[in-house]
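In what follows, a structure is listed as structure tokens, so that the remarks can point back to it.
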Amino acid sequence: MDSKEIRDKFIKYFTDSPRNHKEIDPAPLVLENDPSTLFTSAGMQPLVPYLLGEVHPKGKKLVNSQPSIRLGDIEEVGDNRHITFFEMLGNWSLGDYFKDEQLPWIYEFITNELGIEKGRLWVSVFEGTKDVPKDEESYGIWKNLGLPDDKIIFYGAKKNWWSMTGTPEEMNVGHIGGPDSEMFYDFGEELHLHENSLYKNEMCHPNCDCGRFLEIGNSVFIQYKKVGEGKLEELPQKNVDFGGGLERITAVLNGDPDMFRTDLFSHNIKILEEKYGRKYGDSEMFDRSFRIVADHLRASSALISGGVYPGNKAHGYILRRLIRRAVLHAKILSPKGEYLGLPIPDLSENKIPVPVKSVSEIENVINEESGKFAKAIDRGMKKLETIIDKGTVLTGNIAFDLYQTEGFPLELTLEAAERKGVKFSLEDKKQFQEEFEKHKNLSRTTSAGVFKGGLADDSPEVIKFHTATHLLLASLRKVLGDHVIQKGQNITKERSRFDFPNNEKLTDEQVKEVEETVNKVIAENVPVKFEVLPKDEALKTGAIHGFNEKYADTVKVYYVGENLDDAISREFCGGPHVGSTGEIGRVKINKQEKIGSGLVRVYMTLEK
Ligand code: SER
């Protein structure tokens, strides 16, 4: 069964009766103007408002296949099962069905529809924490489905809790998540190779990283929201978020744990073999480079298709890094270590699930970036050769320094050492590796920081926009009518984006009127205050609130005015806000667009 068949079967299984899910389009890889994260890294990201309770236009049961990028895996690429760009098959219950349906369905899909051998499946379930109970329900369901006791393993929050930002303790305030139950395929004892494993002194188990087990799907029960340090709150609805890596499932059905031997990569590997005159599978060291080049070129092509160009910041920096690593490993693959260029992978629809821009544009971007870098690498090699020729003893620290300053990988250092006949011992390798691990942890923390960025940003700019957006909503209601409610909002340091129902875009006069209404309140320097009230009383004030949100028994109502009763704006809101409107400065609506049926999006900036 090839990847296309698996993808099609998954969608069909969930859209068919009695499951009756509706298929939804995948979200773009780069979520427009979303500062909270660089790339779509999980299917749940674009669905967060609906997991929180907003009504999804297609209903409560959804199915999709979501192209995603995970940056944490960049350094791991090179083995047979880690990739940066992948496709996540997903089925979703937005407050509809829960564990009793999800686990039997996904088990039926995997075993009956795909025909994966039951005897090779293991599952994991959540062992609980002091705040969240042990998941006995999932355990019971798996047992009823026929899984033997010793193949249902309990793990703690590090392994069996899912949120965008980690365990309940690590999670960002405002993020949602919950316990999960993963399915693993057991390739068998014969793969029980523990030399390089973190677990070499322990018994092999599904989460062991030796390669014997491959995780093929994860049912997350999104049920909690982090509301404060150490505080989880139950969501008003219980959700299911299933994600299964298409590449991994394809590998299982291909009967080979190596994802690079599936139809998703085999063409790309073949063109690399032809270009470099080597055979994939002949040597562990070259296989690693084959995989890195194949993965990074596929991911780079997807990013360029999504409108990303190489650069020094954010998305562009990641693309640059991927292309550069591909160049380094292409040099390792080429017979004399020279740079022979990068062949563009198969970009046909089924192999790369994003709309492909134009192959020649992708080629141009990759060629330009890789060509420049290949020259820089030559400089790194000269530097290394000078070091060796001068008789300086080559150490792990020198190798790491070259890696950090020139992006020069250990493999090339080893190769140069061998060619020049100088010693680079196991100890040196270890020293390099230690430095490398330190650096890796640092870059992990940095990329985790990106998640923090937008969601918990309380910079003065963001606070100003926050209050200005309350005024924008009040003014839109004044000018257009009470049908205007907040459908979506996204604030960065540069602008506020606001979505609301309206059949047409605003006329020029309406835009002007809204702007003037906001700016008038700003000019009057009106105080911004809040009151904490019991929910019922807060509702009586007529303050604007989300209809589908669950609020605590006491809520904060922010208002703009001397007192709550005759305030210009009243909203249920956690804040923070400016102290008085004069702090905001003047606003301008500089763009608007229609997004989907009956929704208008406006962008507002602050005038300097
Ligand atoms: N969000 C979960 C994951 O990425 C399941 O889709 O594993």
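By order of appearance in the structure tokens: chains A, B, ..., then residues from 1 within every chain, and ligands from 1 in the order shown.
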Discussion item. Counting only C-alpha atoms and all ligand atoms, what are the residues, protein, DNA or RNA alike, that approach ligand 1 to within 8 Å? I want them as a count of residues only.
Written reply: 18
Item to complete: Would you kindly return, as JSON, numbers by chain, each protein, DNA or RNA residue with an atom no farther than 10 Å from any atom of Glu516 in chain A, considering only C-alpha atoms and excluding same-chain residues fewer than 3 positions away?
Response: {"A": [475, 510, 511, 512, 513, 519, 520, 521, 522, 586, 587, 588]}
Writer output for current selection, N, CA and C atoms, as a PDB file, in the first residue's frame:
ATOM      1  N   SER A 475     -16.294  50.559  18.474  1.00  0.00           N
ATOM      2  CA  SER A 475     -16.557  51.513  17.392  1.00  0.00           C
ATOM      3  C   SER A 475     -17.207  50.823  16.200  1.00  0.00           C
ATOM      4  N   GLN A 510     -17.078  54.435   6.105  1.00  0.00           N
ATOM      5  CA  GLN A 510     -17.199  53.665   7.362  1.00  0.00           C
ATOM      6  C   GLN A 510     -15.830  53.480   8.029  1.00  0.00           C
ATOM      7  N   VAL A 511     -14.819  53.204   7.200  1.00  0.00           N
ATOM      8  CA  VAL A 511     -13.481  53.045   7.756  1.00  0.00           C
ATOM      9  C   VAL A 511     -13.088  54.314   8.498  1.00  0.00           C
ATOM     10  N   LYS A 512     -13.354  55.453   7.832  1.00  0.00           N
ATOM     11  CA  LYS A 512     -12.982  56.733   8.430  1.00  0.00           C
ATOM     12  C   LYS A 512     -13.728  56.967   9.750  1.00  0.00           C
ATOM     13  N   GLU A 513     -15.003  56.644   9.711  1.00  0.00           N
ATOM     14  CA  GLU A 513     -15.825  56.863  10.898  1.00  0.00           C
ATOM     15  C   GLU A 513     -15.337  55.996  12.073  1.00  0.00           C
ATOM     16  N   ASN A 519     -10.109  57.195  17.632  1.00  0.00           N
ATOM     17  CA  ASN A 519      -9.151  58.261  17.926  1.00  0.00           C
ATOM     18  C   ASN A 519      -9.721  59.342  18.846  1.00  0.00           C
ATOM     19  N   LYS A 520     -11.048  59.517  18.776  1.00  0.00           N
ATOM     20  CA  LYS A 520     -11.671  60.507  19.647  1.00  0.00           C
ATOM     21  C   LYS A 520     -11.549  60.054  21.115  1.00  0.00           C
ATOM     22  N   VAL A 521     -11.812  58.769  21.342  1.00  0.00           N
ATOM     23  CA  VAL A 521     -11.706  58.253  22.722  1.00  0.00           C
ATOM     24  C   VAL A 521     -10.251  58.350  23.205  1.00  0.00           C
ATOM     25  N   ILE A 522      -9.335  58.119  22.293  1.00  0.00           N
ATOM     26  CA  ILE A 522      -7.918  58.212  22.664  1.00  0.00           C
ATOM     27  C   ILE A 522      -7.575  59.661  23.039  1.00  0.00           C
ATOM     28  N   ARG A 586      -2.438  57.569  18.032  1.00  0.00           N
ATOM     29  CA  ARG A 586      -3.537  57.460  17.055  1.00  0.00           C
ATOM     30  C   ARG A 586      -3.506  56.115  16.329  1.00  0.00           C
ATOM     31  N   VAL A 587      -4.702  55.637  15.964  1.00  0.00           N
ATOM     32  CA  VAL A 587      -4.739  54.372  15.222  1.00  0.00           C
ATOM     33  C   VAL A 587      -5.127  54.603  13.767  1.00  0.00           C
ATOM     34  N   LYS A 588      -4.834  53.626  12.962  1.00  0.00           N
ATOM     35  CA  LYS A 588      -5.195  53.690  11.545  1.00  0.00           C
ATOM     36  C   LYS A 588      -5.593  52.288  11.080  1.00  0.00           C
TER      37      LYS A 588
END
Discussion item. What's around Lys22 in chain A at 7 Å? Count only C-alpha atoms, leave out sequence neighbours fewer than 6 positions away in its own chain, and write the answer as a PyMOL selection string.
Written reply: chain A and resi 15+58+61-63
Same residues, N, CA and C atoms, output as a PDB file, in the first residue's frame:
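Everything below was put into out_11.pdb:
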ATOM      1  N   THR A  15     -14.857   9.738   7.043  1.00  0.00           N
ATOM      2  CA  THR A  15     -16.032  10.427   6.472  1.00  0.00           C
ATOM      3  C   THR A  15     -17.194   9.437   6.304  1.00  0.00           C
ATOM      4  N   LYS A  58     -17.913  23.415   9.797  1.00  0.00           N
ATOM      5  CA  LYS A  58     -18.165  22.072   9.254  1.00  0.00           C
ATOM      6  C   LYS A  58     -18.613  21.070  10.314  1.00  0.00           C
ATOM      7  N   LYS A  61     -17.145  16.979  14.004  1.00  0.00           N
ATOM      8  CA  LYS A  61     -16.314  15.809  13.696  1.00  0.00           C
ATOM      9  C   LYS A  61     -15.562  16.083  12.396  1.00  0.00           C
ATOM     10  N   LEU A  62     -14.273  16.232  12.493  1.00  0.00           N
ATOM     11  CA  LEU A  62     -13.487  16.643  11.333  1.00  0.00           C
ATOM     12  C   LEU A  62     -12.368  15.655  11.061  1.00  0.00           C
ATOM     13  N   VAL A  63     -11.939  15.626   9.794  1.00  0.00           N
ATOM     14  CA  VAL A  63     -10.806  14.778   9.447  1.00  0.00           C
ATOM     15  C   VAL A  63      -9.946  15.541   8.445  1.00  0.00           C
TER      16      VAL A  63
END
Worksheet item: Per DSSP on the backbone, what are the strand (DSSP E or B) residues of range 127-296 of chain A, as a VMD selection string?
Response: chain A and resid 152 to 155 161 to 163 176 to 186 213 to 228 231 to 245
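The protein and nucleic acid residues lying at most 12 Å from Ser358 in chain A are Ser301, Ala302, Ile304, Ser305, Gly306, Gly307, Ile344, Leu347, Ser348, Val354, Ile362, Glu363, Asn364 and Val365 of chain A, with only C-alpha atoms considered and sequence neighbours fewer than 4 positions away removed.
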Save the residues we just selected, N, CA and C atoms, as a compact mmCIF listing (two decimals), in the first residue's frame?
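Generated output (out16.txt):
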# COMPACT_ATOMS: atom_id res chain seq x y z
N SER A 301 11.65 22.64 -0.16
CA SER A 301 10.73 22.87 -1.28
C SER A 301 9.35 23.25 -0.77
N ALA A 302 8.91 22.57 0.30
CA ALA A 302 7.59 22.88 0.85
C ALA A 302 7.58 24.31 1.41
N ILE A 304 9.52 26.88 0.51
CA ILE A 304 9.57 27.88 -0.57
C ILE A 304 8.19 27.98 -1.23
N SER A 305 7.53 26.84 -1.38
CA SER A 305 6.17 26.88 -1.92
C SER A 305 5.23 27.68 -1.03
N GLY A 306 5.51 27.65 0.26
CA GLY A 306 4.68 28.40 1.20
C GLY A 306 5.10 29.86 1.31
N GLY A 307 5.99 30.31 0.44
CA GLY A 307 6.34 31.73 0.41
C GLY A 307 7.52 32.12 1.28
N ILE A 344 16.58 18.63 -7.23
CA ILE A 344 15.26 18.95 -6.65
C ILE A 344 14.42 17.67 -6.59
N LEU A 347 8.24 16.59 -6.68
CA LEU A 347 7.29 17.49 -6.02
C LEU A 347 5.86 17.22 -6.48
N SER A 348 5.62 16.02 -6.96
CA SER A 348 4.25 15.76 -7.41
C SER A 348 3.32 15.72 -6.21
N VAL A 354 1.71 19.96 -0.36
CA VAL A 354 1.39 21.39 -0.33
C VAL A 354 1.30 21.85 -1.77
N ILE A 362 11.51 27.15 -7.15
CA ILE A 362 12.11 26.38 -6.04
C ILE A 362 13.57 26.09 -6.37
N GLU A 363 13.80 25.69 -7.60
CA GLU A 363 15.15 25.37 -8.03
C GLU A 363 16.06 26.60 -7.91
N ASN A 364 15.56 27.74 -8.36
CA ASN A 364 16.38 28.96 -8.31
C ASN A 364 16.77 29.31 -6.88
N VAL A 365 15.78 29.27 -5.99
CA VAL A 365 16.06 29.66 -4.60
C VAL A 365 17.09 28.70 -4.00
Practice prompt. Work out how far CA of Phe126 in chain A is from CA of Ala157 in chain A, in Å to one decimal.
Written response: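 Pair CA of Ala157 in chain A / CA of Phe126 in chain A returns 7.1 Å.
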Worksheet entry | Straight-line distance linking CA of Phe86 in chain A with CA of Thr492 in chain A, stated in Å to one decimal |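 Rounded to one decimal, the two atoms are 28.1 Å apart.
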Worksheet item: Hey, what's within 10 Å of Gln592 in chain A if we count only C-alpha atoms and toss same-chain stuff fewer than 3 positions away? As a ChimeraX atom specification, please?
Response: /A:497-499,505-506,511,589,595,600-604
Selected residues written out with C-alpha atoms, as an mmCIF file, in the first residue's frame:
data_model
loop_
_atom_site.group_PDB
_atom_site.id
_atom_site.type_symbol
_atom_site.label_atom_id
_atom_site.label_comp_id
_atom_site.auth_asym_id
_atom_site.auth_seq_id
_atom_site.Cartn_x
_atom_site.Cartn_y
_atom_site.Cartn_z
ATOM 1 C CA ARG A 497 -5.832 41.952 13.215
ATOM 2 C CA PHE A 498 -9.513 41.619 13.911
ATOM 3 C CA ASP A 499 -12.185 39.391 12.297
ATOM 4 C CA LYS A 505 -16.130 45.133 3.421
ATOM 5 C CA LEU A 506 -16.426 48.572 4.972
ATOM 6 C CA VAL A 511 -13.481 53.045 7.756
ATOM 7 C CA ILE A 589 -7.047 50.937 9.724
ATOM 8 C CA ILE A 595 -12.174 36.083 4.608
ATOM 9 C CA VAL A 600 -14.332 40.660 7.296
ATOM 10 C CA ARG A 601 -10.794 41.081 8.575
ATOM 11 C CA VAL A 602 -9.291 44.481 9.343
ATOM 12 C CA TYR A 603 -5.733 45.396 10.189
ATOM 13 C CA MET A 604 -5.039 48.316 12.476
#
Worksheet item: So what do you get for CA of Met183 in chain A versus CA of Glu170 in chain A, distance-wise?
Response: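 Atom-to-atom, CA of Met183 in chain A to CA of Glu170 in chain A, that is 24.0 Å.
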